[in-house]
Each structure stands twice: as structure tokens, then as C-alpha cells.
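Colleague: To be precise about what I am sending: the file is called final33.csv and holds CSV, C-alpha atoms.
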chain,number,residue,atom,x,y,z
A,1,MET,CA,0.0,0.0,0.0
A,2,LEU,CA,1.5,3.3,-1.1
A,3,ILE,CA,1.7,5.9,1.7
A,4,ILE,CA,1.4,9.3,0.1
A,5,PRO,CA,3.0,11.9,2.3
A,6,ASP,CA,1.5,15.3,2.6
A,7,ASP,CA,1.5,17.2,-0.7
A,8,ASP,CA,2.7,20.4,1.0
A,9,ALA,CA,5.6,18.7,2.6
A,10,LEU,CA,6.6,17.1,-0.6
A,11,LEU,CA,6.4,20.3,-2.6
A,12,ALA,CA,8.4,22.2,0.0
A,13,GLU,CA,11.2,19.6,-0.1
A,14,LEU,CA,11.1,19.4,-3.9
A,15,ARG,CA,11.4,23.2,-4.1
A,16,ALA,CA,14.5,22.9,-1.9
A,17,ARG,CA,15.8,20.4,-4.4
A,18,SER,CA,16.0,17.6,-1.8
A,19,PRO,CA,17.4,14.4,-3.5
A,20,GLN,CA,15.2,12.3,-1.1
A,21,ALA,CA,12.1,14.2,-2.1
A,22,PHE,CA,12.9,13.7,-5.8
A,23,ALA,CA,13.4,9.9,-5.2
A,24,ASN,CA,10.1,9.8,-3.3
A,25,LEU,CA,8.3,11.6,-6.1
A,26,PHE,CA,9.6,9.1,-8.6
A,27,GLU,CA,8.8,6.2,-6.4
A,28,MET,CA,5.3,7.5,-5.8
A,29,TYR,CA,4.3,8.3,-9.3
A,30,ALA,CA,6.6,6.9,-12.0
A,31,ASP,CA,5.1,3.4,-12.2
A,32,ARG,CA,1.5,4.8,-12.0
A,33,LEU,CA,2.0,7.3,-14.8
A,34,TYR,CA,3.8,4.7,-16.9
A,35,ARG,CA,1.0,2.2,-16.5
A,36,LEU,CA,-1.6,4.8,-17.5
A,37,ALA,CA,0.4,6.0,-20.6
A,38,ALA,CA,1.3,2.4,-21.6
A,39,GLY,CA,-2.3,1.4,-21.3
A,40,MET,CA,-3.5,4.3,-23.3
A,41,LEU,CA,-0.8,4.1,-26.0
A,42,GLY,CA,0.0,0.4,-26.1
A,43,ASP,CA,3.6,1.4,-26.8
A,44,GLU,CA,6.3,1.3,-24.1
A,45,PHE,CA,8.6,3.7,-25.8
A,46,GLU,CA,6.0,6.3,-26.3
A,47,ALA,CA,4.8,5.7,-22.7
A,48,GLU,CA,8.3,6.4,-21.4
A,49,ASP,CA,8.4,9.7,-23.4
A,50,VAL,CA,5.1,10.7,-22.1
A,51,VAL,CA,6.0,10.0,-18.5
A,52,GLN,CA,9.3,12.0,-18.9
A,53,GLU,CA,7.4,14.9,-20.3
A,54,ALA,CA,4.7,14.8,-17.6
A,55,PHE,CA,7.4,15.0,-14.9
A,56,ALA,CA,9.3,17.7,-16.8
A,57,ARG,CA,6.2,19.8,-17.0
A,58,PHE,CA,5.6,19.3,-13.2
A,59,PHE,CA,9.2,20.5,-12.5
A,60,VAL,CA,8.5,23.6,-14.6
A,61,LYS,CA,5.4,24.3,-12.6
A,62,LEU,CA,6.9,23.4,-9.3
A,63,ASP,CA,7.4,26.8,-7.8
A,64,GLY,CA,3.9,28.1,-8.7
A,65,PHE,CA,2.1,24.8,-7.9
A,66,GLU,CA,-0.9,25.5,-5.7
A,67,GLY,CA,-2.9,23.3,-3.5
A,68,ARG,CA,-5.9,23.6,-5.8
A,69,SER,CA,-5.0,20.3,-7.5
A,70,GLN,CA,-3.3,17.5,-5.7
A,71,VAL,CA,0.1,16.5,-7.1
A,72,GLY,CA,-1.1,13.0,-8.1
A,73,THR,CA,-4.2,14.2,-9.8
A,74,TRP,CA,-2.3,16.8,-11.7
A,75,LEU,CA,0.3,14.3,-12.9
A,76,TYR,CA,-2.3,11.8,-13.9
A,77,ARG,CA,-4.1,14.5,-15.8
A,78,VAL,CA,-1.1,15.7,-17.7
A,79,THR,CA,-0.1,12.1,-18.5
A,80,TYR,CA,-3.6,11.4,-19.8
A,81,ASN,CA,-3.6,14.6,-21.9
A,82,LEU,CA,-0.2,13.9,-23.4
A,83,SER,CA,-1.3,10.3,-24.2
A,84,VAL,CA,-4.4,11.6,-25.9
A,85,ASP,CA,-2.2,14.0,-27.9
A,86,CYS,CA,0.0,11.1,-29.0
A,87,LEU,CA,-3.1,9.2,-30.0
A,88,ARG,CA,-4.3,12.1,-32.1
A,89,LYS,CA,-1.0,12.2,-34.0
A,90,ARG,CA,-1.5,8.5,-34.8
A,91,LYS,CA,-4.9,9.2,-36.2
A,92,ALA,CA,-4.1,7.8,-39.6
A,93,THR,CA,-3.7,4.2,-38.3
A,94,THR,CA,-6.6,4.1,-35.8
A,95,THR,CA,-10.1,3.0,-36.7
A,96,ILE,CA,-12.9,5.4,-36.3
A,97,ASN,CA,-14.9,4.5,-33.2
A,98,PRO,CA,-18.5,5.6,-33.4
A,99,GLN,CA,-19.0,5.6,-29.7
A,100,THR,CA,-19.3,9.1,-28.2
A,101,ASP,CA,-20.4,10.6,-25.0
A,102,ASP,CA,-23.8,11.2,-26.7
A,103,ASP,CA,-24.5,7.5,-26.8
A,104,PRO,CA,-27.8,6.6,-25.0
A,105,GLU,CA,-27.1,5.3,-21.6
A,106,ASP,CA,-28.5,1.8,-22.3
A,107,ASP,CA,-26.3,1.3,-25.4
A,108,PHE,CA,-23.8,-1.2,-24.0
A,109,PRO,CA,-22.7,-4.7,-25.0
A,110,VAL,CA,-25.3,-7.4,-24.2
A,111,PRO,CA,-23.7,-10.6,-23.0
A,112,GLU,CA,-24.0,-13.5,-25.4
A,113,VAL,CA,-21.8,-16.2,-23.8
A,114,PHE,CA,-22.7,-17.5,-20.4
A,115,ILE,CA,-19.9,-19.9,-19.7
A,116,ASP,CA,-18.0,-19.6,-16.5
A,117,TRP,CA,-14.3,-19.4,-17.5
A,118,ARG,CA,-12.9,-18.1,-14.2
A,119,HIS,CA,-10.5,-21.0,-13.7
A,120,VAL,CA,-9.1,-20.9,-17.2
A,121,PRO,CA,-6.5,-18.2,-17.0
A,122,GLU,CA,-4.8,-19.7,-14.0
A,123,MET,CA,-4.8,-23.2,-15.5
A,124,VAL,CA,-3.6,-22.3,-18.9
A,125,LEU,CA,-1.7,-19.1,-19.0
A,126,SER,CA,1.6,-17.9,-17.5
A,127,GLU,CA,1.6,-14.5,-15.8
A,128,THR,CA,3.2,-12.9,-18.8
A,129,GLU,CA,0.8,-14.5,-21.2
A,130,LEU,CA,-2.1,-13.3,-19.1
A,131,SER,CA,-0.7,-9.8,-18.9
A,132,GLU,CA,-0.4,-9.7,-22.7
A,133,GLN,CA,-4.0,-10.7,-23.1
A,134,LEU,CA,-5.2,-8.2,-20.7
A,135,ASP,CA,-3.1,-5.5,-22.4
A,136,GLN,CA,-4.5,-6.5,-25.7
A,137,ALA,CA,-8.1,-6.3,-24.4
A,138,ILE,CA,-7.4,-2.8,-23.1
A,139,ARG,CA,-5.9,-1.7,-26.4
A,140,ASN,CA,-9.1,-2.7,-28.2
A,141,LEU,CA,-11.3,-0.5,-26.0
A,142,PRO,CA,-12.3,2.9,-27.3
A,143,GLU,CA,-10.1,5.7,-25.9
A,144,LYS,CA,-12.6,7.2,-23.5
A,145,LEU,CA,-13.5,3.9,-21.9
A,146,LYS,CA,-9.9,2.9,-21.7
A,147,ALA,CA,-8.9,5.9,-19.6
A,148,VAL,CA,-11.7,5.5,-17.1
A,149,PHE,CA,-11.0,1.8,-16.7
A,150,LEU,CA,-7.3,2.2,-16.3
A,151,LEU,CA,-7.6,4.9,-13.7
A,152,ARG,CA,-10.4,3.3,-11.8
A,153,GLU,CA,-9.6,-0.3,-11.8
A,154,VAL,CA,-5.9,-0.6,-12.4
A,155,GLU,CA,-4.8,2.6,-10.6
A,156,GLY,CA,-7.6,2.4,-8.0
A,157,LEU,CA,-8.6,6.0,-8.2
A,158,SER,CA,-12.0,7.0,-6.7
A,159,THR,CA,-14.8,8.0,-9.0
A,160,GLN,CA,-14.3,11.6,-7.9
A,161,ALA,CA,-10.5,11.5,-8.6
A,162,CYS,CA,-11.1,10.0,-12.0
A,163,ALA,CA,-13.6,12.8,-12.8
A,164,GLU,CA,-11.0,15.4,-11.9
A,165,VAL,CA,-8.3,13.8,-13.9
A,166,LEU,CA,-10.5,13.4,-17.0
A,167,GLY,CA,-12.5,16.6,-16.7
A,168,ILE,CA,-15.8,14.8,-16.8
A,169,SER,CA,-18.6,14.3,-14.3
A,170,PRO,CA,-18.6,11.5,-11.7
A,171,ALA,CA,-21.8,10.2,-13.4
A,172,ASN,CA,-20.0,10.1,-16.7
A,173,VAL,CA,-17.2,8.2,-15.1
A,174,LYS,CA,-19.6,5.6,-13.9
A,175,VAL,CA,-21.3,5.2,-17.2
A,176,ARG,CA,-18.0,4.8,-19.0
A,177,LEU,CA,-16.7,2.4,-16.4
A,178,HIS,CA,-19.8,0.2,-16.7
A,179,ARG,CA,-19.4,0.1,-20.5
A,180,ALA,CA,-15.7,-0.7,-20.2
A,181,ARG,CA,-16.3,-3.5,-17.8
A,182,LEU,CA,-18.9,-5.1,-20.0
A,183,GLN,CA,-16.9,-4.7,-23.2
A,184,LEU,CA,-13.9,-6.2,-21.5
A,185,ARG,CA,-16.0,-9.1,-20.2
A,186,GLU,CA,-17.2,-9.9,-23.7
A,187,ALA,CA,-13.8,-9.7,-25.2
A,188,LEU,CA,-12.1,-11.8,-22.5
A,189,THR,CA,-15.0,-14.3,-22.4
A,190,ALA,CA,-14.6,-15.0,-26.1
A,191,TYR,CA,-10.9,-15.4,-25.6
A,192,PHE,CA,-10.9,-17.5,-22.5
A,193,VAL,CA,-13.8,-19.8,-23.6
A,194,GLU,CA,-12.1,-20.6,-26.9
A,195,LEU,CA,-8.8,-21.1,-25.1
A,196,GLY,CA,-10.4,-23.2,-22.4
A,197,GLN,CA,-12.1,-25.4,-24.9
A,198,GLU,CA,-8.9,-25.8,-27.0
A,199,LYS,CA,-6.9,-26.8,-23.9
A,200,GLN,CA,-9.8,-29.0,-22.7
A,201,VAL,CA,-10.3,-27.3,-19.4
A,202,LEU,CA,-13.7,-26.2,-20.3
A,203,LEU,CA,-16.6,-28.3,-21.7
B,204,MET,CA,-43.4,-4.6,-3.6
B,205,THR,CA,-42.1,-3.7,-7.0
B,206,LYS,CA,-42.1,-6.4,-9.7
B,207,PRO,CA,-38.9,-8.5,-9.8
B,208,ILE,CA,-36.1,-7.0,-12.0
B,209,THR,CA,-35.3,-8.5,-15.4
B,210,CYS,CA,-32.0,-9.7,-16.8
B,211,GLU,CA,-31.8,-6.4,-18.8
B,212,GLU,CA,-32.3,-4.3,-15.7
B,213,LEU,CA,-29.8,-6.3,-13.7
B,214,LEU,CA,-27.3,-5.7,-16.5
B,215,LYS,CA,-27.9,-2.0,-16.3
B,216,TYR,CA,-27.3,-2.0,-12.5
B,217,LEU,CA,-24.5,-4.5,-12.6
B,218,SER,CA,-21.6,-2.0,-12.0
B,219,ASP,CA,-23.5,-0.3,-9.2
B,220,TYR,CA,-24.2,-3.7,-7.6
B,221,ILE,CA,-20.5,-4.7,-7.9
B,222,ASP,CA,-19.5,-1.4,-6.3
B,223,ASN,CA,-22.1,-1.6,-3.5
B,224,GLU,CA,-23.7,1.6,-4.7
B,225,LEU,CA,-27.3,0.3,-5.2
B,226,ASN,CA,-30.0,1.2,-2.7
B,227,GLU,CA,-31.2,-1.4,-0.3
B,228,GLU,CA,-34.3,-2.3,-2.3
B,229,LEU,CA,-32.5,-2.7,-5.6
B,230,THR,CA,-29.8,-4.7,-4.0
B,231,ALA,CA,-32.3,-7.1,-2.6
B,232,GLU,CA,-34.0,-7.4,-6.0
B,233,ALA,CA,-30.7,-8.0,-7.7
B,234,GLN,CA,-29.8,-10.7,-5.2
B,235,ALA,CA,-33.1,-12.3,-5.6
B,236,HIS,CA,-32.6,-12.4,-9.4
B,237,LEU,CA,-29.1,-13.7,-9.1
B,238,ALA,CA,-30.2,-16.5,-6.9
B,239,THR,CA,-32.3,-17.9,-9.7
B,240,CYS,CA,-30.8,-16.7,-12.9
B,241,GLN,CA,-27.7,-18.7,-13.9
B,242,ASN,CA,-26.9,-16.5,-16.8
B,243,CYS,CA,-26.8,-13.4,-14.8
B,244,ARG,CA,-24.8,-15.1,-12.1
B,245,VAL,CA,-22.2,-16.0,-14.7
B,246,VAL,CA,-22.1,-12.5,-16.1
B,247,LEU,CA,-21.6,-11.1,-12.5
B,248,ASP,CA,-18.9,-13.6,-11.6
B,249,THR,CA,-17.0,-13.2,-14.8
B,250,THR,CA,-17.2,-9.4,-14.7
B,251,GLN,CA,-15.9,-9.5,-11.2
B,252,GLN,CA,-13.1,-11.8,-12.3
B,253,VAL,CA,-12.2,-9.4,-15.1
B,254,ILE,CA,-12.0,-6.6,-12.6
B,255,PHE,CA,-9.9,-8.7,-10.3
B,256,LEU,CA,-7.5,-9.7,-13.1
B,257,PHE,CA,-7.0,-6.1,-14.1
B,258,ARG,CA,-6.5,-4.9,-10.5
B,259,GLN,CA,-3.6,-7.3,-10.3
B,260,GLN,CA,-2.1,-5.4,-13.2
B,261,GLY,CA,-1.9,-2.4,-10.9
B,262,ALA,CA,1.1,-4.0,-9.2
B,263,ARG,CA,3.2,-3.9,-12.4
B,264,ARG,CA,6.3,-1.7,-12.4
B,265,ILE,CA,8.3,-0.1,-15.2
B,266,PRO,CA,10.8,-2.7,-16.5
B,267,ALA,CA,14.1,-2.2,-14.7
B,268,GLU,CA,16.2,-0.9,-17.6
B,269,ARG,CA,13.6,1.6,-18.7
B,270,ARG,CA,13.1,2.6,-15.1
B,271,ARG,CA,16.8,3.4,-14.6
B,272,ARG,CA,16.9,5.4,-17.8
B,273,LEU,CA,13.8,7.4,-16.9
B,274,PHE,CA,15.1,8.1,-13.4
B,275,SER,CA,18.4,9.3,-14.8
B,276,ARG,CA,16.8,11.6,-17.3
B,277,LEU,CA,14.4,13.0,-14.8
B,278,GLU,CA,17.2,13.5,-12.3
B,279,ALA,CA,19.1,15.5,-14.9
B,280,ALA,CA,16.1,17.6,-15.6
B,281,PHE,CA,15.3,18.2,-12.0
B,282,PHE,CA,18.8,19.0,-10.6
B,283,GLY,CA,20.2,20.4,-13.8
B,284,PRO,CA,23.7,19.5,-15.1
B,285,ARG,CA,25.5,18.3,-12.0
B,286,SER,CA,27.4,15.2,-10.9
B,287,SER,CA,25.0,12.3,-10.1
B,288,GLN,CA,23.1,12.7,-6.9
B,289,VAL,CA,23.2,10.3,-3.9
B,290,SER,CA,20.0,8.3,-4.1
Could you express the structure from this file as C-alpha cells?

Modeller:
Amino acid sequence: MLIIPDDDALLAELRARSPQAFANLFEMYADRLYRLAAGMLGDEFEAEDVVQEAFARFFVKLDGFEGRSQVGTWLYRVTYNLSVDCLRKRKATTTINPQTDDDPEDDFPVPEVFIDWRHVPEMVLSETELSEQLDQAIRNLPEKLKAVFLLREVEGLSTQACAEVLGISPANVKVRLHRARLQLREALTAYFVELGQEKQVLL
Amino acid sequence: MTKPITCEELLKYLSDYIDNELNEELTAEAQAHLATCQNCRVVLDTTQQVIFLFRQQGARRIPAERRRRLFSRLEAAFFGPRSSQVS
């Protein structure tokens, strides 16, 4: 469990250029921001660049950084925005996704497969293989759903914190999270059921 | 009481149910439905499993070499051109 020290104390020490404070900042946030960027971009090199840029921007802002936004929230937000910028630049290669915020609330995937595959991943996949499948499933989510899911489920941010990072309402966070969960369930169900049947651990 | 909820309605409320954010009445309705509807039970269980699997991904760290490189670059950016800091 990550203990986050008081933002004010951290900021004060960072402004004083304390090496320990720098190391703490890195320990606290580098992995988190990297996971978000890597999840959004599906590319580790770009993720690294994004994280570096996010921290660099924080350093520039450091002296004037006010308590209005928490350090973590701010860093996540910048990382998210930089990731979105990267994705925009890649526009030529991404497919157009028709889902928008205007979609009616009940427009989400209806389950079609009702086989319980919960035991399959553990029985059939190594940790690395499983991670790859999960990464793949995330990559296939529409951008807006991806961000909410990554922040909420993988990073463990509250609904409110997600809303602040993404600049959307908490209600919107919930709707997107719901859709993301169901889409991921459908995608992974299809994968694990096929795999389970192939490996004969499912009927 | 209200009429029992349908599979469609349960699906709509699924996330709230998983997150314990449904009111008492709807929670009871959902539980009653889940007790008798195998399909919805599987959807709930597998959705929760998906969430669990992804939450485990939250423990992943930046691969070591990349982490070192990132740390060095950020260190340089933060402290400016100086000899390496004690970390």
C-alpha cells in the first residue's frame, strides 16, 4: 500500500531540491503514470516519453504549484492529456470509433456467452501471457472507456478523482466504467472460452 | 413490492451492484434475481473476475532498464547539469 506523504511537505522539499524528495516523487508516481500511458498508448517507448514529459512539466510548474490540485491528480491528468495528444497524432492508423459521450445510456454490450471461465487463465496461461492478453483487451477499448477503466480499476482512483483527472462528471465516469467492464468481459469471455475449450479445461 | 427485475435491468445496474452503490431495495431485487438466474450469475462472476485480473495489473512496475533510464533523465532535468546525486 502506497503511503502518500502530505503534498505540502513534498512540494516544499522538492522546491528545496532535496534528493530524497525527488526519489520519493519518482517512487510514488513513475510506475503509476507509466501504467496509464502504456495502457492508453499500447507502446512502451511512447509511454516512457510521455512520463518523462509529464514530470518535466511538473518541474517547470513546481514553484507556482498551488494546493488547488493534488500532485497526483495533476500528474495523472497531464499524462492522460499527453497520451491523448499522442493518439491524435497517430490518427491515420486508428479505426474510427463511433462511440461518443452522446450514446444513449443503455447502449452497451449485451452478453451472449454465459460460460464460467474463471478457472481458465490460471490453469492455462503464465503470468506474462495473461498480462499480454489483458493489455490486448485494453488496447481494443475505445479511448474514452480505456482511460476510465485504467484509472479506476488498475490505478484504484476513486470516481471523484477520475472525474477530476479526465475533466468529466462522476456520473459520466460511472457510465463509461460500466461500459468498459462489459466490453472487456465480452472480449475476454470470447478469448478464455475458446482457449479453455482448446486446452480442454472447459466443456 | 415492485415487480422483480429483469436480466436487462440487472445488467444496467451491474456495476453499481458490484461497487455496492445500489440502494437497499434494488440490492435485494438484484440478489433475488441472481439467486435464480444462472446466466446473470455467470455475467456477474466473470465481470468481477475481469476486474480482479486487471486490478492485479496495478502492481506492475516499469521494466528495470527503462526505469533506470527514466530516473536518470528526470534526475538530470530536476537537478540540472550536476554530478550524479546520492539516491

Colleague: So, counting only C-alpha atoms, which residue among A:Leu184, A:Leu87, A:Met40, A:Met123 is closest to B:Thr249?

Modeller: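 With only C-alpha atoms as the atom set, the closest residue is A:Leu184.
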
Colleague: With all atoms listed in the file counted and 7 Å as the cut-off, give the residues of chain B in contact with chain A, each with its shortest interatomic distance in Å and the pair that gives it, as JSON lines.

Modeller:
{"residue": "B:Ser218", "atom": "CA", "partner": "A:His178", "partner_atom": "CA", "distance": 5.5}
{"residue": "B:Asn242", "atom": "CA", "partner": "A:Phe114", "partner_atom": "CA", "distance": 5.6}
{"residue": "B:Val245", "atom": "CA", "partner": "A:Asp116", "partner_atom": "CA", "distance": 5.8}
{"residue": "B:Val246", "atom": "CA", "partner": "A:Phe114", "partner_atom": "CA", "distance": 6.6}
{"residue": "B:Thr249", "atom": "CA", "partner": "A:Arg118", "partner_atom": "CA", "distance": 6.4}
{"residue": "B:Thr250", "atom": "CA", "partner": "A:Arg185", "partner_atom": "CA", "distance": 5.6}
{"residue": "B:Gln252", "atom": "CA", "partner": "A:Arg118", "partner_atom": "CA", "distance": 6.6}
{"residue": "B:Val253", "atom": "CA", "partner": "A:Arg185", "partner_atom": "CA", "distance": 6.4}
{"residue": "B:Ile254", "atom": "CA", "partner": "A:Glu153", "partner_atom": "CA", "distance": 6.8}
{"residue": "B:Phe257", "atom": "CA", "partner": "A:Val154", "partner_atom": "CA", "distance": 5.9}
{"residue": "B:Arg258", "atom": "CA", "partner": "A:Val154", "partner_atom": "CA", "distance": 4.7}
{"residue": "B:Gln260", "atom": "CA", "partner": "A:Val154", "partner_atom": "CA", "distance": 6.2}
{"residue": "B:Gly261", "atom": "CA", "partner": "A:Val154", "partner_atom": "CA", "distance": 4.6}
{"residue": "B:Arg264", "atom": "CA", "partner": "A:Asp31", "partner_atom": "CA", "distance": 5.2}
{"residue": "B:Ile265", "atom": "CA", "partner": "A:Asp31", "partner_atom": "CA", "distance": 5.6}
{"residue": "B:Leu273", "atom": "CA", "partner": "A:Gln52", "partner_atom": "CA", "distance": 6.7}
{"residue": "B:Leu277", "atom": "CA", "partner": "A:Gln52", "partner_atom": "CA", "distance": 6.6}
{"residue": "B:Ala280", "atom": "CA", "partner": "A:Ala56", "partner_atom": "CA", "distance": 6.9}
{"residue": "B:Phe281", "atom": "CA", "partner": "A:Phe59", "partner_atom": "CA", "distance": 6.5}
{"residue": "B:Gln288", "atom": "CA", "partner": "A:Pro19", "partner_atom": "CA", "distance": 6.9}
{"residue": "B:Ser290", "atom": "CA", "partner": "A:Pro19", "partner_atom": "CA", "distance": 6.7}

Colleague: So that I can check the surroundings of stretch 159-168 of chain A, please list as a VMD selection string every protein, DNA and RNA residue that reaches within 7 Å of it, counting only C-alpha atoms and ignoring chain neighbours fewer than 4 positions away.

Modeller: chain A and resid 73 76 to 77 148 151 to 152 172 to 173

Colleague: Write the residues of the preceding selection, restricted to C-alpha atoms, as an mmCIF file, in the coordinates of the input.

Modeller:
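Heads up, here's the output in again31.cif:
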data_model
loop_
_atom_site.group_PDB
_atom_site.id
_atom_site.type_symbol
_atom_site.label_atom_id
_atom_site.label_comp_id
_atom_site.auth_asym_id
_atom_site.auth_seq_id
_atom_site.Cartn_x
_atom_site.Cartn_y
_atom_site.Cartn_z
ATOM 1 C CA THR A 73 -4.200 14.200 -9.800
ATOM 2 C CA TYR A 76 -2.300 11.800 -13.900
ATOM 3 C CA ARG A 77 -4.100 14.500 -15.800
ATOM 4 C CA VAL A 148 -11.700 5.500 -17.100
ATOM 5 C CA LEU A 151 -7.600 4.900 -13.700
ATOM 6 C CA ARG A 152 -10.400 3.300 -11.800
ATOM 7 C CA ASN A 172 -20.000 10.100 -16.700
ATOM 8 C CA VAL A 173 -17.200 8.200 -15.100
#

Colleague: What does the distance between atom CA of A:Tyr29 and atom CA of B:Gly283 come to in Å, to one decimal place?

Modeller: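 Those two atoms sit 20.5 Å apart.
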
Colleague: Work out how far apart atom CA of A:Leu145 and atom CA of A:Tyr191 are and give it in Å to one decimal.

Modeller: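 Interatomic distance here is 19.8 Å.
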
Colleague: Compare B:Leu256, B:Ile221, B:Lys206, B:Ser275 by their minimum atom-to-atom distance to A:Glu122, counting only C-alpha atoms, and give me the closest one.

Modeller: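 Once distances to A:Glu122 are computed over only C-alpha atoms, the minimum belongs to B:Leu256.
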
Colleague: Mind giving me the straight-line distance from atom CA of B:Thr239 to atom CA of A:Val193 in Å, one decimal?

Modeller: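 Atom-to-atom, atom CA of B:Thr239 and atom CA of A:Val193 are spaced 23.2 Å apart.
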